[in-house]
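Written below as structure tokens is the structure these notes are about.
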Amino acid sequence: MNGNDYKSKMLALLSDTKTYATANRDPTSSIQSKNNEIVKRLKRLDAINDRLENELMSRKALCPRIYGQPKAHKAGLPLRPVVPNMTAPTYTLSKFVGQILQSSLQSTYNIRDSYSFCDYINGITLPADYVLVSLDVVSLFTCIPFELVRRDVTFNWSDIQKHTNINLEIMLEIIEFIMKSCYFTFEGKFYSQIFGTAMGNPLSSPLADLVMENLMHAVVKKLDFQPPVLKNYSQHIQFTYELEENRRLPYLDMVLVRTEAQQIRTEWYRKPISSGRFLDFFSCHTTSQKVNTAMNFIQRVDKLSTNLNTREK
């Protein structure tokens with residue numbers, strides 16, 4: 001991508017005043033002090049031990065630098081904002097709380113990877129009037145309000161409290177502090193994220209999993225209602241959807257095929273924007289690396305393409 005185009009797209013993204021705000025100065029010092037106050041408080045309450053107190057303290061934090069990751073599969077090459085938080089004052093505290101939430105989440109809907117989904121979906125027979133639809137959340141991380149997180153953490157507290165000595169009130173206070181302490185720099189200016197969570201924060205993914213899990217539970221109970229109920233869970237969480245075409249629906253790196261008998265089979269899929277480039281055989285890489293590249297590709301195509309000899313009835 002041209003450097004000027006990249007900069008223009010980043011500035012356009014950061015001009016969203018509902019999500020980002022400019023800061024007059026680097027807030028690292030004040031956020032680090034607040035982080036350490038929380039850690040000391042947890043230790044005084046015997047919610048953490050000496051080792052954890054030392055690990056969660058922030059001493060040499062630096063302001064994170066945001067960058068945009070191009071969404072190569074979408075028209076116009078939009079950017080996905082990523083804020084690497086490794087140097088942020090709240091990084092270790094975010095990771096600690098994220099692990100607590102992730103340990104308590106027993107997901108009914110998550111699939112580990114393409115292979116697991118392939119094993120799960122193949123052979124399923126759909127009712128006669130069913131078709132395939134794929135739903136995608138629009139900018140999930142930056143669209144999760146704290147009020148929604150508060151409700152879902154409270155709702156799931158009976159499971160969460162089994163993995164921590166922190167009480168609910170303090171846990172919510174910590175999560176709110178972390179969500180409101182998302183900040184970064186770009187082109188010499190400082191910004192704070194005033195809504196949602198940042199991709200790159202260790203707490204963001206567990207929060208997204210928790211919110212989406214509760215969303216799915218709520219939706220499943222209302223399947224007899226019209227699909228717009230999916231957008232009523234939160235005014236900020238919106239969906240796009242893709243309907244099957246000619247009984248075929250791209251999903252992950254597969255195509256789901258609905259046969260005339262309403263059974264599902266899968267085929268390996270490569271997006272139209274794929275360059276088709278692989279490791280050059282005449283490169284200086286070791287022979288084993290070249291062989292592994294080819295074998296991994298062959299294995300993926302073979303394992304994700306199933307029931308291809310089944311005649312559609």
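In the structure tokens, chains take letters A, B, ... by order of appearance, with residues numbered from 1 within each chain and ligands from 1 in the order shown.
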Please provide the set of residues having any atom within 10 Å of Asn156 in chain A, restricted to only C-alpha atoms, with same-chain residues fewer than 4 positions apart removed, written as a ChimeraX atom specification.
-> /A:101,104-105,151-152,160-161,210,214
Compile the contact shell of range 62-70 of chain A as number ranges by chain: residues with an atom at most 12 Å away, counting only C-alpha atoms, same-chain residues fewer than 3 positions apart removed.
-> A: 1-3, 5-14, 25-32, 58-59, 73-91, 181-193, 198-201
Residues of range 142-235 of chain A at most 10 Å from range 110-132 of chain A: nearest atom pair and distance in Å, only C-alpha atoms, as a Markdown table:
| residue | atom | partner | partner_atom | distance |
| --- | --- | --- | --- | --- |
| A:Asp209 | CA | A:Asn110 | CA | 8.6 |
| A:Met212 | CA | A:Asn110 | CA | 9.8 |
| A:Glu213 | CA | A:Asn110 | CA | 8.5 |
How about saving the chosen residues, N, CA, C and O atoms kept, as a CSV table (one decimal), in the first residue's frame?
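Saved result, out11.csv, follows:
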chain,number,residue,atom,x,y,z
A,209,ASP,N,-15.3,-12.9,23.6
A,209,ASP,CA,-15.9,-14.3,23.8
A,209,ASP,C,-17.0,-14.4,24.7
A,209,ASP,O,-18.1,-15.0,24.5
A,212,MET,N,-20.1,-12.5,23.2
A,212,MET,CA,-20.7,-13.3,22.1
A,212,MET,C,-21.4,-14.6,22.5
A,212,MET,O,-22.4,-15.0,22.0
A,213,GLU,N,-20.8,-15.2,23.6
A,213,GLU,CA,-21.4,-16.4,24.1
A,213,GLU,C,-22.8,-16.1,24.7
A,213,GLU,O,-23.7,-16.9,24.5
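With CA of Ala294 in chain A on one side and CA of Arg265 in chain A on the other, the separation reads 24.4 Å.
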Could you tell me, as a PyMOL selection string, which residues of range 82-298 of chain A DSSP assigns to strand (DSSP E) when given the backbone?
-> chain A and resi 82+133-137+183-186+189-193+239-243+248-251+254-258+264-268
Would you write out, as CSV, a table of all residues in range 93-124 of chain A that have an atom no more than 12 Å from an atom of range 37-47 of chain A, listing for each the closest atom pair and the distance in Å to one decimal, considering only C-alpha atoms and ordering rows by chain and rising residue number?
residue,atom,partner,partner_atom,distance
A:Leu93,CA,A:Val39,CA,8.2
A:Ser94,CA,A:Val39,CA,11.6
A:Phe96,CA,A:Val39,CA,11.1
A:Val97,CA,A:Val39,CA,11.8
Apply DSSP to the structure's backbone, then extract all residues of range 43-292 of chain A labelled alpha helix (DSSP H) and return them as a ChimeraX atom specification.
-> /A:43-44,50-56,91-104,114-121,146-155,157-160,168-179,204-220,287-292
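Closest approach to Thr142 in chain A from the set A:Thr19, A:Thr164, A:Gln99, A:Asn246 is made by A:Thr19, with distances taken over only C-alpha atoms.
Reported to one decimal place, the separation of CA of Gly196 in chain A from CA of Thr17 in chain A is 12.7 Å.
Atom pair CA of Leu140 in chain A / CA of Lys95 in chain A: separated by 19.1 Å.
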Excluding range 252-261 of chain A and residues on its chain fewer than 4 positions from it, collect all residues at most 7 Å away from it, counting only C-alpha atoms, and give them as an NGL selection string.
-> :A and (114 or 247-248 or 265-270 or 304 or 312-313)
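Minimum distance to Pro250 in chain A across A:Cys284, A:Val133, A:Lys34, A:Gly276 (counting only C-alpha atoms) occurs at A:Val133.
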Rank A:Gln263, A:Thr306, A:Gln102, A:Asn49 by their smallest atom-to-atom distance to Ser205 in chain A, using only C-alpha atoms, and report the top residue only.
-> A:Gln102
